[in-house]
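*Asks:* This is model30.tsv (TSV, C-alpha atoms).
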chain	number	residue	atom	x	y	z
A	1	MET	CA	-66.03	-132.68	-55.66
A	2	ASN	CA	-67.95	-132.06	-58.88
A	3	PHE	CA	-68.85	-128.49	-59.72
A	4	ASP	CA	-72.62	-128.18	-59.93
A	5	PHE	CA	-73.20	-125.64	-62.69
A	6	VAL	CA	-76.99	-125.78	-62.39
A	7	TRP	CA	-76.90	-125.04	-58.64
A	8	PHE	CA	-74.26	-122.35	-59.24
A	9	PHE	CA	-76.34	-120.43	-61.78
A	10	ASN	CA	-79.54	-120.88	-59.77
A	11	LEU	CA	-77.80	-119.23	-56.81
A	12	PHE	CA	-77.52	-115.83	-58.49
A	13	PRO	CA	-81.28	-115.04	-58.34
A	14	ILE	CA	-81.15	-115.85	-54.62
A	15	VAL	CA	-78.10	-113.74	-53.81
A	16	LEU	CA	-78.52	-110.75	-56.13
A	17	PRO	CA	-81.57	-109.21	-54.35
A	18	ALA	CA	-79.29	-108.59	-51.35
A	19	LEU	CA	-76.95	-106.54	-53.56
A	20	LYS	CA	-79.00	-103.38	-52.99
A	21	LEU	CA	-78.18	-103.67	-49.28
A	22	THR	CA	-74.47	-103.89	-50.06
A	23	ILE	CA	-74.64	-100.91	-52.41
A	24	SER	CA	-76.61	-98.77	-49.94
A	25	ILE	CA	-74.08	-99.46	-47.19
A	26	ALA	CA	-71.20	-98.59	-49.52
A	27	LEU	CA	-72.76	-95.33	-50.74
A	28	ILE	CA	-73.80	-94.11	-47.30
A	29	SER	CA	-70.40	-95.02	-45.87
A	30	LEU	CA	-68.66	-93.17	-48.70
A	31	PHE	CA	-70.70	-90.01	-48.10
A	32	LEU	CA	-70.10	-90.05	-44.34
A	33	THR	CA	-66.42	-90.88	-44.88
A	34	LEU	CA	-65.98	-87.90	-47.20
A	35	CYS	CA	-67.62	-85.55	-44.69
A	36	LEU	CA	-65.57	-86.78	-41.75
A	37	SER	CA	-62.34	-87.00	-43.74
A	38	ILE	CA	-62.62	-83.40	-44.96
A	39	VAL	CA	-63.10	-82.14	-41.41
A	40	ILE	CA	-60.15	-84.16	-40.07
A	41	ALA	CA	-57.89	-83.25	-43.00
A	42	ILE	CA	-58.57	-79.51	-42.58
A	43	ILE	CA	-57.99	-79.68	-38.81
A	44	ARG	CA	-54.69	-81.46	-39.31
A	45	TYR	CA	-53.74	-79.19	-42.20
A	46	TYR	CA	-54.11	-76.11	-40.02
A	47	LYS	CA	-52.68	-77.98	-36.99
A	48	VAL	CA	-55.53	-76.92	-34.71
A	49	LYS	CA	-54.31	-77.22	-31.13
A	50	GLY	CA	-55.74	-80.12	-29.17
A	51	LEU	CA	-57.81	-81.50	-32.04
A	52	TYR	CA	-54.68	-82.13	-34.11
A	53	HIS	CA	-53.34	-84.66	-31.59
A	54	ILE	CA	-56.76	-86.16	-30.82
A	55	PHE	CA	-57.36	-86.96	-34.48
A	56	GLY	CA	-53.76	-88.13	-34.75
A	57	LEU	CA	-54.54	-90.81	-32.14
A	58	TYR	CA	-57.80	-91.59	-33.92
A	59	ILE	CA	-55.97	-92.14	-37.21
A	60	THR	CA	-53.31	-94.29	-35.57
A	61	PHE	CA	-55.89	-96.50	-33.85
A	62	PHE	CA	-58.10	-97.14	-36.85
A	63	ARG	CA	-55.21	-97.63	-39.26
A	64	ALA	CA	-53.38	-100.03	-36.93
A	65	THR	CA	-56.28	-102.31	-35.99
A	66	PRO	CA	-58.31	-104.74	-38.15
A	67	LEU	CA	-61.68	-103.61	-39.45
A	68	VAL	CA	-63.36	-106.77	-38.19
A	69	ALA	CA	-62.09	-106.11	-34.66
A	70	GLN	CA	-63.41	-102.54	-34.83
A	71	LEU	CA	-66.79	-103.83	-36.01
A	72	PHE	CA	-66.98	-106.37	-33.17
A	73	ILE	CA	-66.04	-103.76	-30.55
A	74	LEU	CA	-68.68	-101.40	-31.93
A	75	TYR	CA	-71.49	-103.96	-32.23
A	76	PHE	CA	-70.78	-106.41	-29.40
A	77	GLY	CA	-68.51	-104.52	-27.02
A	78	LEU	CA	-69.72	-100.94	-26.66
A	79	PRO	CA	-73.42	-101.80	-26.08
A	80	SER	CA	-72.40	-103.71	-22.93
A	81	ILE	CA	-70.81	-100.49	-21.62
A	82	PHE	CA	-73.26	-97.98	-23.07
A	83	PRO	CA	-76.81	-99.42	-22.89
A	84	PHE	CA	-78.22	-96.81	-25.30
A	85	LEU	CA	-76.22	-98.51	-28.07
A	86	GLU	CA	-78.11	-101.79	-27.66
A	87	SER	CA	-80.67	-100.64	-30.21
A	88	MET	CA	-77.97	-100.26	-32.88
A	89	SER	CA	-78.62	-102.56	-35.83
A	90	ALA	CA	-76.06	-104.56	-37.76
A	91	TYR	CA	-76.71	-102.28	-40.73
A	92	GLU	CA	-75.87	-99.16	-38.71
A	93	ALA	CA	-72.87	-100.78	-37.04
A	94	THR	CA	-71.40	-101.79	-40.40
A	95	ILE	CA	-71.79	-98.28	-41.80
A	96	ILE	CA	-70.24	-96.68	-38.71
A	97	ALA	CA	-67.31	-99.11	-38.66
A	98	LEU	CA	-66.60	-98.63	-42.37
A	99	THR	CA	-66.87	-94.85	-42.00
A	100	LEU	CA	-64.53	-94.62	-39.03
A	101	ASN	CA	-62.01	-97.02	-40.52
A	102	THR	CA	-61.91	-95.55	-44.03
A	103	SER	CA	-61.86	-91.96	-42.75
A	104	SER	CA	-58.57	-92.63	-40.98
A	105	PHE	CA	-57.00	-93.38	-44.36
A	106	MET	CA	-58.88	-90.91	-46.53
A	107	ALA	CA	-58.22	-88.02	-44.14
A	108	GLU	CA	-54.49	-88.50	-44.61
A	109	ASP	CA	-54.94	-88.74	-48.38
A	110	LEU	CA	-56.78	-85.42	-48.35
A	111	ARG	CA	-54.29	-83.81	-45.98
A	112	GLY	CA	-51.47	-84.80	-48.32
A	113	ALA	CA	-53.41	-83.31	-51.23
A	114	LEU	CA	-54.00	-80.08	-49.27
A	115	GLU	CA	-50.32	-79.76	-48.45
A	116	SER	CA	-49.40	-80.29	-52.11
A	117	ILE	CA	-51.14	-77.02	-53.05
A	118	ASP	CA	-48.69	-74.13	-53.44
A	119	ASN	CA	-48.81	-71.97	-50.32
A	120	GLY	CA	-48.64	-68.92	-52.59
A	121	GLN	CA	-52.31	-69.48	-53.39
A	122	ASN	CA	-53.18	-69.05	-49.72
A	123	GLU	CA	-51.22	-65.82	-49.57
A	124	ALA	CA	-52.83	-64.54	-52.75
A	125	CYS	CA	-56.30	-65.20	-51.36
A	126	TYR	CA	-55.48	-63.53	-48.05
A	127	SER	CA	-54.16	-60.50	-49.90
A	128	MET	CA	-57.54	-60.23	-51.62
A	129	GLY	CA	-59.27	-60.10	-48.26
A	130	MET	CA	-60.51	-63.69	-48.21
A	131	THR	CA	-60.74	-65.51	-44.89
A	132	LYS	CA	-59.21	-68.91	-44.18
A	133	PHE	CA	-62.63	-70.49	-44.54
A	134	GLN	CA	-63.28	-68.81	-47.89
A	135	THR	CA	-59.81	-69.69	-49.15
A	136	MET	CA	-60.22	-73.33	-48.17
A	137	LYS	CA	-63.74	-73.61	-49.56
A	138	ARG	CA	-63.25	-71.78	-52.87
A	139	VAL	CA	-59.61	-72.39	-53.80
A	140	ILE	CA	-57.64	-74.98	-51.83
A	141	LEU	CA	-60.14	-77.76	-51.13
A	142	PRO	CA	-61.49	-78.08	-54.71
A	143	GLN	CA	-57.95	-78.51	-56.05
A	144	ALA	CA	-57.01	-80.94	-53.29
A	145	PHE	CA	-60.13	-82.97	-53.95
A	146	ILE	CA	-59.14	-83.35	-57.60
A	147	PHE	CA	-55.61	-84.43	-56.68
A	148	ALA	CA	-56.99	-86.95	-54.19
A	149	LEU	CA	-59.68	-88.31	-56.53
A	150	PRO	CA	-57.78	-91.52	-57.45
A	151	SER	CA	-57.15	-92.23	-53.77
A	152	ILE	CA	-60.79	-91.56	-52.93
A	153	GLY	CA	-61.79	-94.03	-55.62
A	154	ASN	CA	-59.51	-96.67	-54.15
A	155	ARG	CA	-60.97	-96.07	-50.68
A	156	PHE	CA	-64.48	-96.48	-52.11
A	157	ILE	CA	-63.51	-99.82	-53.58
A	158	GLY	CA	-62.14	-100.76	-50.17
A	159	ILE	CA	-65.49	-99.83	-48.62
A	160	ILE	CA	-67.33	-102.04	-51.10
A	161	LYS	CA	-65.15	-105.02	-50.23
A	162	GLY	CA	-65.39	-104.16	-46.54
A	163	THR	CA	-69.18	-104.56	-46.62
A	164	ALA	CA	-68.56	-108.32	-46.82
A	165	LEU	CA	-67.70	-108.25	-43.11
A	166	GLY	CA	-71.26	-107.22	-42.32
A	167	PHE	CA	-72.37	-110.85	-42.30
A	168	THR	CA	-70.21	-111.44	-39.21
A	169	VAL	CA	-72.66	-109.34	-37.17
A	170	GLY	CA	-75.78	-110.77	-38.79
A	171	LEU	CA	-76.20	-108.49	-41.79
A	172	ALA	CA	-78.16	-110.23	-44.55
A	173	ASP	CA	-75.96	-109.06	-47.44
A	174	ILE	CA	-74.80	-111.05	-50.46
A	175	MET	CA	-72.04	-112.72	-48.42
A	176	ALA	CA	-74.53	-113.85	-45.78
A	177	LYS	CA	-76.97	-115.13	-48.40
A	178	SER	CA	-74.28	-117.17	-50.14
A	179	LYS	CA	-73.00	-118.55	-46.83
A	180	ILE	CA	-76.49	-119.68	-45.81
A	181	GLU	CA	-77.05	-121.43	-49.13
A	182	ALA	CA	-73.61	-123.04	-48.92
A	183	ALA	CA	-74.34	-124.39	-45.44
A	184	LEU	CA	-77.67	-125.85	-46.57
A	185	SER	CA	-76.29	-127.62	-49.64
A	186	LEU	CA	-72.61	-128.02	-48.70
A	187	ARG	CA	-71.73	-126.33	-52.01
A	188	PHE	CA	-69.21	-123.93	-50.51
A	189	PHE	CA	-67.00	-123.49	-53.56
A	190	GLU	CA	-69.90	-122.63	-55.86
A	191	ALA	CA	-71.43	-120.27	-53.28
A	192	TYR	CA	-68.24	-118.32	-52.60
A	193	LEU	CA	-67.37	-118.22	-56.28
A	194	CYS	CA	-70.80	-116.70	-56.94
A	195	VAL	CA	-70.34	-113.90	-54.41
A	196	THR	CA	-66.76	-113.34	-55.58
A	197	LEU	CA	-67.93	-112.80	-59.15
A	198	ILE	CA	-70.62	-110.37	-57.99
A	199	TYR	CA	-68.06	-108.28	-56.08
A	200	LEU	CA	-65.70	-108.47	-59.06
A	201	VAL	CA	-68.29	-107.12	-61.48
A	202	LEU	CA	-69.36	-104.42	-59.01
A	203	VAL	CA	-65.79	-103.22	-58.48
A	204	ILE	CA	-65.06	-103.23	-62.22
A	205	ILE	CA	-68.13	-101.03	-62.81
A	206	VAL	CA	-66.96	-98.64	-60.08
A	207	GLU	CA	-63.43	-98.54	-61.52
A	208	ARG	CA	-64.72	-97.72	-65.00
A	209	THR	CA	-66.99	-95.02	-63.58
A	210	LEU	CA	-64.14	-93.47	-61.60
A	211	LYS	CA	-61.85	-93.44	-64.63
A	212	TYR	CA	-64.58	-91.68	-66.62
A	213	ILE	CA	-64.97	-89.08	-63.86
A	214	GLU	CA	-61.20	-88.54	-63.68
A	215	LYS	CA	-61.02	-87.95	-67.44
A	216	ARG	CA	-63.89	-85.49	-67.29
A	217	VAL	CA	-62.21	-83.61	-64.45
A	218	GLU	CA	-58.90	-83.50	-66.34
A	219	LYS	CA	-60.65	-81.88	-69.30
A	220	VAL	CA	-62.24	-79.24	-67.09
A	221	TYR	CA	-58.98	-78.41	-65.33
I'd like the structure from this file rewritten - as structure tokens, please.

*Replies:*
Amino acid sequence: MNFDFVWFFNLFPIVLPALKLTISIALISLFLTLCLSIVIAIIRYYKVKGLYHIFGLYITFFRATPLVAQLFILYFGLPSIFPFLESMSAYEATIIALTLNTSSFMAEDLRGALESIDNGQNEACYSMGMTKFQTMKRVILPQAFIFALPSIGNRFIGIIKGTALGFTVGLADIMAKSKIEAALSLRFFEAYLCVTLIYLVLVIIVERTLKYIEKRVEKVY
């Protein structure tokens, strides 16, 4: 098969407009993942009775099962059991699946970072009259977040790549656009190479940005 360079380069203007959808899913998923992960990490750090084991099962389930299976259960399976979920869009389902999946990993990253903080800092804060909430908010969590920053960056990159599964539930992202064009012209190699290069450039930009943030943080601390 001959590589059609003209068709390949003409594909980018068709696919790139869908990139904003991919980016929006990734950013929203990252924000929700951070919020959920912080809550889970703190609960497991303090070993809150009942919730500790519940979130332990949650982490085990989402870490041990494929993301695509979780997405299918969420989008195709649960609405048949819970009718109120029938109105859920592919966009929403993809965000929820990415959030739940990534949180199971990020929560453990944050919990490890929390446990790496010297316990003497907790005792010092308590001796000053600070509550557990104040200690966590003002002293422990900021330090843990810095320690976990590289891991958080890696999870964000995973989210970006995970958005590609959205096309399996009908999401019109860059993967779906390229697949449609490939099916129409039978130029599958060119189409998938196009979307691969777009993801590659996007991830490289994110990596460079994260490295810049890490360096800035190191200077501050």

*Asks:* Could you tell me how far CA of Ser104 (chain A) sits from CA of Thr60 (chain A), in Å to one decimal place?

*Replies:* 7.7 Å

*Asks:* In Å, how far is it from CA of Thr196 (chain A) to CA of Ile174 (chain A)?

*Replies:* 9.8 Å

*Asks:* Provide the CA of Thr33 (chain A) to CA of Leu114 (chain A) distance in Å, to one decimal place.

*Replies:*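 CA of Leu114 (chain A) lies at a distance of 17.0 Å from CA of Thr33 (chain A).
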
*Asks:* Given the choices A:Lys137, A:Lys211, A:Lys161, A:Lys20, which gets closest to Ile38 (chain A) if the distance is worked out from all atoms listed in the file?

*Replies:*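 Closest to Ile38 (chain A) of all the choices is A:Lys137.
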
*Asks:* Could you check which of A:Val169, A:Ile157, A:Leu186, A:Val48 is closest to Leu74 (chain A), using only C-alpha atoms?

*Replies:* A:Val169

*Asks:* Would you please work out which residue, of A:Ser24, A:Gln143, A:Thr135, A:Thr94, is nearest to Ile117 (chain A) when using all atoms listed in the file?

*Replies:*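 For Ile117 (chain A), the nearest of the candidates is A:Gln143.
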
*Asks:* Counting only C-alpha atoms, which residue out of A:Ala124, A:Ala90, A:Ile25, A:Ala144 sits closest to Ala41 (chain A)?

*Replies:*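 So, comparing all the options, the nearest one is A:Ala144.
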
*Asks:* Of the residues A:Leu34, A:Leu71, A:Ile205, A:Ile180, which is the one nearest to Asp109 (chain A), using only C-alpha atoms?

*Replies:* A:Leu34

*Asks:* Which residue gives the smallest distance to Glu181 (chain A) among A:Ile96, A:Cys194, A:Ala164, A:Leu67, with only C-alpha atoms counted?

*Replies:*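 Of A:Ile96, A:Cys194, A:Ala164, A:Leu67, the one nearest Glu181 (chain A) is A:Cys194, counting only C-alpha atoms.
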
*Asks:* Excluding Glu218 (chain A) and its own-chain neighbours fewer than 3 positions away, which residues fall within 12 Å of it when counting all atoms listed in the file? Please give them as a list in words.

*Replies:*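 Surrounding residues, per the criterion: Gln143, Ile146, Phe147, Leu149, Lys211, Tyr212, Ile213, Glu214, Lys215 and Tyr221 of chain A.
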
*Asks:* So that I can check the surroundings of Phe62 (chain A), please list as a list in words every protein, DNA and RNA residue that reaches within 9 Å of it, counting all atoms listed in the file and ignoring chain neighbours fewer than 5 positions away.

*Replies:*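 The residues that qualify are Leu57, Leu67, Gln70, Leu100, Asn101, Thr102, Ser103, Ser104 and Phe105 of chain A.
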